[in-house]
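Shown next, in structure tokens, is the structure this report addresses.
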Amino acid sequence: MNIYAVTSLIGWTSSLFLGIFVYLRNRDRDINRTFALLSLGICVWVSGCFLESSIHSKALALICDRYLYTGAAFAPTLFLHFSLVVTENKKRKLLKVAYAFSVLFLFFNLVPQLRPFFIRDVEHIFPFRYIALPGPVWFFYLAYFLSCGLSSLCVFIKALRGDLTTYKRQQLKYMLVSMLVIYTAACMYLALVFSVASPPIDNLLVAVFSFITAYAIVRHKLMDIEIIIKKTLVFAGLLASVFTILILPTLLLQDYILRSASFTAKILGLAISGVVIILTMRRIENFLINVTDKYLFQKKYDYKELLKTFTNEVLTVLELDKLVNLTVDNLMNTIKPNSAAVLLFNSEEQQFEVKAQRNIKDPDIKLIRPDGIVTFMEETHGYLLVKELHDKKVFVPDTVQEIIDKLDAELIVPMVMHDEVIGMVSLGKKKSDDDYSQDDLDILLPLAQTLAIAIANARLFDELGKTQAEAAQKDKMAVIGTLSAGINHEICNPLGIARGQCEAFLLNIKDGLYKAKTTEELLTKAKDIMAKVIHETDRATAITKKLSQFAKPAKGESELVNVGKEIDDVLSLVGYELKLEKIEIAKKIQENLPHIFVDKKQLQEVLFNLIRNAGQAVGEKGRITISAHTERDRVFIDVQDTGVGIPEDKIKQLFNPFFTTKDPGKGTGLGLFITRQVIEKNGGRIYLKFTKIGEGTTFTLEFPVGAKEMEKEKAKK
């Protein structure tokens, strides 16, 4: 194999796999389809050069030359078409004329009676390949070729002089360079017809054209696709081989078996071959996709692993920088996207800034409120999935597309606190090339909300100082830890029950267990199952609302609060954690207990901390009793445990700052101090009602009855 054959093979392979891959990635877009056709035309041309340089038979060389000019007849028109599409030029009247010329030259090339007017013969002029001897029509082809090239150049120059975004201008510059490269290669080949020799690198320039285009696709998202090298190398190699196997037998059949047949028979033979190729290519495409997916497709991540890693390693971090960097690292290691970033809102600069990132194109990107993505996130609190936009053919403004490209984003999820977007999580395409599914969103959206809480607490740590903020952060981490347990137990269980009911019904139908039942009986059975599913999903929804409401920090707004209901809500959250420790929980709530006028969320946090502290004091197999009653227009809430008790010499220091009875490193001493401040702010008080070593401790919360409730009681009297 000579050097010309080697460079031809490189150019052929690179052009083929790039064109096929671009088409398969997004066959609905005009730019992808046009580029794929252009690559196919170039591929046919260059593969003909490879064949002509690899054989020593003049008869076979003539067949290869006919095959070569099949691609060459359409290549200039296809490049002009692609130039118009990529520059978004709507003036395409001359394109029909160009395609008419291509069809005309194709007839002169394929019809035996007309071929001598186009290519008279082939001759071994150069040592490395056969060269066509042109007929009179060939010179018209040369003029047509040069005209298409000049027209394409004018289209690009005109577009570059227009009002373009920086990103679009970069795209067009790369494509202009690639156009000059491919036309240089074609001119070097056509010069051989006039015995003007040049280094045998013209087909190597075809590979350069492919690589420039690939770079434009990857770096500047020319066609909104990614080239995944480890997947496309195998795919392109297999497809190139199959394509060659299909095309060459067709040409050999025409020249050897059907040589003496009539013109009509040859046309019929070409048509049959074309139908065979069309019918088999789709099956080959599916086969190759399955093969590459099987051996190169990465496994889906385990969402349980993501939840566990996120809860144990990320959400317990106090430092903001470490928190966001750990978030990005864990997302990269678990989901395995090509890129990831966390953007947080800077209130001083009034813009979103990248706080942690891996592999995004522009780490210095800033998003301000007029940006379309920011407006979308703030108004809808919804995610942005690039594939959905393309599938629904949603118009994406250049400014928004530029932000997506700079972030290298496929999915952007907001982090919301108090109905405000405080940040965003940006994820690139998965390395597995799999799309983000509804299952992914069901995990990532709640994680983003939980991350928002962790980030808010980390910022609180920075603002309040390390000592006091560490205590608040630890309390919040306890909430988030319980939140995680609630997700796994309180939500997954009812959903699992609902799924099991549906699966059992479908399996029974499949196994024929309901054959003897009438349609009415089956309908009744289905209604019963649907009622159970609705009941279980309602359970999950109710728990979700409780978790969501409890996770939101208090706003300092007082309201009438039902004490019994708040105790139930807190126990529904912390109860599962206590059950794991085999701690018994008892409630003694007075009937018709009056409401109190407090901040509901602050009361929840106080109850949560007292009950959780009681659980830590009790240890395994203990008992916690929560009781509530009213006396003299006051509501009393007792939290009693059967724990170790508090030594007498430490009782007076309980509500002092920095005092703790916990082991070193397990407490800050700010818990009861802060709790008393919160309760007093709400018009109540907290005190130690009972404690004895070995018998337990009781803390009491005392609040005045709500004003409206007092008025109701007076009206009754």
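Order determines the names: the first chain of the structure tokens is A, the second B, and so forth; residues in each chain are numbered 1 upward, and ligands are numbered 1 upward as they are shown.
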Could you list, as a ChimeraX atom specification, every residue within 12 Å of Ser57 (chain A), counting only C-alpha atoms and ignoring same-chain residues fewer than 6 positions away? /A:51,63-64,122-124,129-130
Considering only C-alpha atoms, return as a VMD selection string whatever protein or nucleic-acid residues lie within 10 Å of region 617-619 of chain A, sequence-local ones (same chain, fewer than 2 positions apart) excluded. chain A and resid 578 581 to 583 611 to 615 621 to 624 641 to 646 661 to 662 694 to 697
Determine which residues of region 323-421 of chain A receive a DSSP assignment of strand (DSSP E), computed from the backbone, and state them as an MDAnalysis selection string. chainID A and resid 340:346 351:358 366:368 384:385 411:417 420:421
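Residues within 6 Å of Ser627 (chain A), counting only C-alpha atoms and excluding same-chain residues fewer than 2 positions away, are Lys587, Lys588, Ile589, Ile637 and Asp638 of chain A.
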Contacts of Val570 (chain A) at 8 Å (only C-alpha atoms; same-chain gap of 6+ positions) as a ChimeraX atom specification: /A:604,607-608
For Ile455 (chain A), find every residue with an atom within 10 Å (counting only C-alpha atoms), except residues of its own chain fewer than 5 positions away, and show them as a compact mmCIF listing (two decimals) with N, CA and C atoms, in the first residue's frame.
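File produced: out.txt:
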# COMPACT_ATOMS: atom_id res chain seq x y z
N LEU A 315 -23.24 16.90 53.27
CA LEU A 315 -24.12 17.79 54.01
C LEU A 315 -23.66 18.08 55.43
N VAL A 317 -20.62 19.10 56.14
CA VAL A 317 -19.48 20.02 56.04
C VAL A 317 -19.93 21.43 56.38
N LEU A 318 -19.10 22.15 57.16
CA LEU A 318 -19.46 23.48 57.59
C LEU A 318 -18.91 24.57 56.68
N GLU A 319 -17.71 24.37 56.13
CA GLU A 319 -17.08 25.39 55.30
C GLU A 319 -17.73 25.42 53.92
N LEU A 320 -18.09 26.61 53.46
CA LEU A 320 -18.82 26.74 52.19
C LEU A 320 -17.99 26.23 51.01
N ASP A 321 -16.74 26.64 50.91
CA ASP A 321 -15.90 26.22 49.78
C ASP A 321 -15.74 24.71 49.73
N LEU A 323 -17.78 22.55 51.04
CA LEU A 323 -19.09 21.97 50.77
C LEU A 323 -19.38 21.90 49.27
N VAL A 324 -19.18 23.03 48.55
CA VAL A 324 -19.52 23.04 47.13
C VAL A 324 -18.54 22.19 46.33
N LEU A 344 -23.45 30.08 42.86
CA LEU A 344 -24.16 30.67 43.99
C LEU A 344 -24.39 32.16 43.76
N MET A 415 -31.34 25.77 43.10
CA MET A 415 -31.38 25.56 44.54
C MET A 415 -32.23 26.68 45.13
N MET A 417 -34.43 28.56 48.27
CA MET A 417 -34.66 28.76 49.70
C MET A 417 -35.64 29.92 49.86
N ILE A 422 -31.10 30.58 45.26
CA ILE A 422 -29.82 31.00 45.83
C ILE A 422 -28.63 30.41 45.07
N GLY A 423 -28.91 29.51 44.14
CA GLY A 423 -27.82 28.92 43.37
C GLY A 423 -28.34 27.94 42.33
N GLN A 449 -32.51 20.84 46.58
CA GLN A 449 -33.19 21.56 47.67
C GLN A 449 -32.49 21.33 49.00
N THR A 450 -32.07 20.08 49.25
CA THR A 450 -31.34 19.78 50.48
C THR A 450 -30.00 20.50 50.50
N LEU A 460 -24.48 30.75 57.07
CA LEU A 460 -24.77 31.17 58.43
C LEU A 460 -23.55 30.98 59.33
N PHE A 461 -22.83 29.92 59.08
CA PHE A 461 -21.60 29.65 59.81
C PHE A 461 -20.59 30.77 59.62
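Nearest-residue note for Asn592 (chain A): choosing from A:Lys565, A:His535, A:Lys525, A:Lys579, the minimum distance belongs to A:Lys565, counting only C-alpha atoms.
Every protein or nucleic acid residue with an atom no more than 12 Å from Phe597 (chain A), counting only C-alpha atoms and leaving out same-chain residues fewer than 5 positions away, appears here: A:Gly556, A:Glu557, A:Ser558, A:Glu559, A:Leu560, A:Val561, A:Asn562, A:Val563, A:Gln602, A:Leu603, A:Arg634, A:Val635, A:Ile679, A:Lys681, A:Asn682, A:Gly683, A:Gly684, A:Glu702, A:Phe703, A:Pro704, A:Val705, A:Gly706, A:Ala707, A:Lys708, A:Glu709, A:Met710.
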Keeping N, CA and C atoms, export the residues of the selection given above as a PDB file, in the first residue's frame.
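Saved the output as result-v8.pdb:
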ATOM      1  N   GLY A 556     -39.569  34.088  61.790  1.00  0.00           N
ATOM      2  CA  GLY A 556     -39.826  35.009  62.886  1.00  0.00           C
ATOM      3  C   GLY A 556     -41.233  35.572  62.887  1.00  0.00           C
ATOM      4  N   GLU A 557     -42.165  34.853  62.260  1.00  0.00           N
ATOM      5  CA  GLU A 557     -43.547  35.320  62.190  1.00  0.00           C
ATOM      6  C   GLU A 557     -44.418  34.431  63.080  1.00  0.00           C
ATOM      7  N   SER A 558     -45.087  35.050  64.061  1.00  0.00           N
ATOM      8  CA  SER A 558     -45.903  34.287  65.008  1.00  0.00           C
ATOM      9  C   SER A 558     -47.292  34.036  64.443  1.00  0.00           C
ATOM     10  N   GLU A 559     -47.895  32.939  64.896  1.00  0.00           N
ATOM     11  CA  GLU A 559     -49.236  32.563  64.473  1.00  0.00           C
ATOM     12  C   GLU A 559     -49.828  31.632  65.516  1.00  0.00           C
ATOM     13  N   LEU A 560     -51.126  31.402  65.439  1.00  0.00           N
ATOM     14  CA  LEU A 560     -51.749  30.444  66.347  1.00  0.00           C
ATOM     15  C   LEU A 560     -51.343  29.031  65.957  1.00  0.00           C
ATOM     16  N   VAL A 561     -50.831  28.294  66.939  1.00  0.00           N
ATOM     17  CA  VAL A 561     -50.250  26.983  66.655  1.00  0.00           C
ATOM     18  C   VAL A 561     -50.928  25.926  67.515  1.00  0.00           C
ATOM     19  N   ASN A 562     -51.279  24.808  66.867  1.00  0.00           N
ATOM     20  CA  ASN A 562     -51.842  23.650  67.555  1.00  0.00           C
ATOM     21  C   ASN A 562     -50.687  22.809  68.102  1.00  0.00           C
ATOM     22  N   VAL A 563     -50.500  22.816  69.414  1.00  0.00           N
ATOM     23  CA  VAL A 563     -49.354  22.142  70.032  1.00  0.00           C
ATOM     24  C   VAL A 563     -49.355  20.648  69.731  1.00  0.00           C
ATOM     25  N   GLN A 602     -39.983  27.745  64.720  1.00  0.00           N
ATOM     26  CA  GLN A 602     -39.089  27.797  65.869  1.00  0.00           C
ATOM     27  C   GLN A 602     -39.535  26.822  66.953  1.00  0.00           C
ATOM     28  N   LEU A 603     -40.860  26.674  67.141  1.00  0.00           N
ATOM     29  CA  LEU A 603     -41.360  25.691  68.102  1.00  0.00           C
ATOM     30  C   LEU A 603     -40.978  24.279  67.661  1.00  0.00           C
ATOM     31  N   ARG A 634     -52.289  29.035  80.728  1.00  0.00           N
ATOM     32  CA  ARG A 634     -50.910  28.721  80.301  1.00  0.00           C
ATOM     33  C   ARG A 634     -50.903  27.290  79.749  1.00  0.00           C
ATOM     34  N   VAL A 635     -50.060  27.069  78.728  1.00  0.00           N
ATOM     35  CA  VAL A 635     -49.895  25.733  78.148  1.00  0.00           C
ATOM     36  C   VAL A 635     -48.522  25.223  78.538  1.00  0.00           C
ATOM     37  N   ILE A 679     -37.258  30.554  72.885  1.00  0.00           N
ATOM     38  CA  ILE A 679     -38.535  30.416  73.592  1.00  0.00           C
ATOM     39  C   ILE A 679     -38.957  31.751  74.211  1.00  0.00           C
ATOM     40  N   LYS A 681     -38.161  34.667  73.213  1.00  0.00           N
ATOM     41  CA  LYS A 681     -38.547  35.557  72.112  1.00  0.00           C
ATOM     42  C   LYS A 681     -40.001  35.323  71.719  1.00  0.00           C
ATOM     43  N   ASN A 682     -40.500  34.112  71.928  1.00  0.00           N
ATOM     44  CA  ASN A 682     -41.883  33.766  71.597  1.00  0.00           C
ATOM     45  C   ASN A 682     -42.815  33.892  72.803  1.00  0.00           C
ATOM     46  N   GLY A 683     -42.366  34.571  73.855  1.00  0.00           N
ATOM     47  CA  GLY A 683     -43.232  34.839  75.010  1.00  0.00           C
ATOM     48  C   GLY A 683     -43.352  33.695  75.991  1.00  0.00           C
ATOM     49  N   GLY A 684     -42.484  32.708  75.896  1.00  0.00           N
ATOM     50  CA  GLY A 684     -42.557  31.569  76.810  1.00  0.00           C
ATOM     51  C   GLY A 684     -41.319  31.453  77.662  1.00  0.00           C
ATOM     52  N   GLU A 702     -43.227  26.486  78.772  1.00  0.00           N
ATOM     53  CA  GLU A 702     -44.445  27.141  79.234  1.00  0.00           C
ATOM     54  C   GLU A 702     -44.760  28.323  78.320  1.00  0.00           C
ATOM     55  N   PHE A 703     -45.997  28.354  77.785  1.00  0.00           N
ATOM     56  CA  PHE A 703     -46.417  29.429  76.895  1.00  0.00           C
ATOM     57  C   PHE A 703     -47.786  29.939  77.319  1.00  0.00           C
ATOM     58  N   PRO A 704     -48.046  31.225  77.125  1.00  0.00           N
ATOM     59  CA  PRO A 704     -49.403  31.722  77.373  1.00  0.00           C
ATOM     60  C   PRO A 704     -50.355  31.218  76.297  1.00  0.00           C
ATOM     61  N   VAL A 705     -51.609  31.028  76.661  1.00  0.00           N
ATOM     62  CA  VAL A 705     -52.615  30.634  75.680  1.00  0.00           C
ATOM     63  C   VAL A 705     -52.758  31.758  74.657  1.00  0.00           C
ATOM     64  N   GLY A 706     -52.977  31.386  73.390  1.00  0.00           N
ATOM     65  CA  GLY A 706     -53.117  32.384  72.340  1.00  0.00           C
ATOM     66  C   GLY A 706     -54.259  33.345  72.633  1.00  0.00           C
ATOM     67  N   ALA A 707     -54.073  34.639  72.255  1.00  0.00           N
ATOM     68  CA  ALA A 707     -55.055  35.679  72.578  1.00  0.00           C
ATOM     69  C   ALA A 707     -56.441  35.322  72.066  1.00  0.00           C
ATOM     70  N   LYS A 708     -56.531  34.845  70.834  1.00  0.00           N
ATOM     71  CA  LYS A 708     -57.830  34.494  70.267  1.00  0.00           C
ATOM     72  C   LYS A 708     -58.457  33.336  71.024  1.00  0.00           C
ATOM     73  N   GLU A 709     -57.604  32.410  71.459  1.00  0.00           N
ATOM     74  CA  GLU A 709     -58.131  31.280  72.211  1.00  0.00           C
ATOM     75  C   GLU A 709     -58.678  31.742  73.562  1.00  0.00           C
ATOM     76  N   MET A 710     -57.981  32.709  74.181  1.00  0.00           N
ATOM     77  CA  MET A 710     -58.461  33.236  75.459  1.00  0.00           C
ATOM     78  C   MET A 710     -59.813  33.925  75.291  1.00  0.00           C
TER      79      MET A 710
END
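CA of Leu451 (chain A) is found 14.6 Å from CA of Asp419 (chain A).
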Would you mind listing what lies within 9 Å of Ala36 (chain A) as number ranges by chain, with only C-alpha atoms counted and same-chain residues fewer than 2 positions away left out? A: 16, 18-23, 31-34, 38-41
Write a file of the just-selected residues containing N, CA and C atoms, as an mmCIF file, in the first residue's frame.
data_model
loop_
_atom_site.group_PDB
_atom_site.id
_atom_site.type_symbol
_atom_site.label_atom_id
_atom_site.label_comp_id
_atom_site.auth_asym_id
_atom_site.auth_seq_id
_atom_site.Cartn_x
_atom_site.Cartn_y
_atom_site.Cartn_z
ATOM 1 N N LEU A 16 -16.091 9.611 7.040
ATOM 2 C CA LEU A 16 -17.251 8.728 7.167
ATOM 3 C C LEU A 16 -17.785 8.698 8.593
ATOM 4 N N LEU A 18 -17.342 10.722 11.105
ATOM 5 C CA LEU A 18 -17.842 12.000 11.587
ATOM 6 C C LEU A 18 -19.231 12.291 11.013
ATOM 7 N N GLY A 19 -19.408 12.061 9.717
ATOM 8 C CA GLY A 19 -20.705 12.321 9.092
ATOM 9 C C GLY A 19 -21.806 11.442 9.640
ATOM 10 N N ILE A 20 -21.528 10.149 9.782
ATOM 11 C CA ILE A 20 -22.538 9.223 10.293
ATOM 12 C C ILE A 20 -22.895 9.557 11.740
ATOM 13 N N PHE A 21 -21.869 9.860 12.543
ATOM 14 C CA PHE A 21 -22.131 10.133 13.949
ATOM 15 C C PHE A 21 -22.938 11.417 14.129
ATOM 16 N N VAL A 22 -22.613 12.444 13.351
ATOM 17 C CA VAL A 22 -23.362 13.699 13.417
ATOM 18 C C VAL A 22 -24.830 13.445 13.080
ATOM 19 N N TYR A 23 -25.054 12.658 12.058
ATOM 20 C CA TYR A 23 -26.435 12.377 11.647
ATOM 21 C C TYR A 23 -27.194 11.608 12.730
ATOM 22 N N ILE A 31 -28.965 21.189 9.881
ATOM 23 C CA ILE A 31 -27.517 21.318 9.816
ATOM 24 C C ILE A 31 -26.841 19.956 9.951
ATOM 25 N N ASN A 32 -27.364 19.087 10.803
ATOM 26 C CA ASN A 32 -26.788 17.745 10.962
ATOM 27 C C ASN A 32 -26.987 16.896 9.714
ATOM 28 N N ARG A 33 -28.197 16.964 9.147
ATOM 29 C CA ARG A 33 -28.481 16.164 7.948
ATOM 30 C C ARG A 33 -27.619 16.626 6.770
ATOM 31 N N THR A 34 -27.496 17.936 6.598
ATOM 32 C CA THR A 34 -26.722 18.465 5.473
ATOM 33 C C THR A 34 -25.252 18.113 5.615
ATOM 34 N N LEU A 38 -22.871 15.890 3.133
ATOM 35 C CA LEU A 38 -21.593 16.406 2.644
ATOM 36 C C LEU A 38 -20.468 15.428 2.956
ATOM 37 N N SER A 39 -20.452 14.917 4.175
ATOM 38 C CA SER A 39 -19.421 13.944 4.564
ATOM 39 C C SER A 39 -19.518 12.678 3.731
ATOM 40 N N LEU A 40 -20.744 12.265 3.421
ATOM 41 C CA LEU A 40 -20.917 11.067 2.598
ATOM 42 C C LEU A 40 -20.370 11.292 1.193
ATOM 43 N N GLY A 41 -20.665 12.483 0.608
ATOM 44 C CA GLY A 41 -20.135 12.792 -0.718
ATOM 45 C C GLY A 41 -18.616 12.804 -0.738
#
What's the separation between CA of Val97 (chain A) and CA of Gly149 (chain A), in Å to one decimal place? 14.7 Å
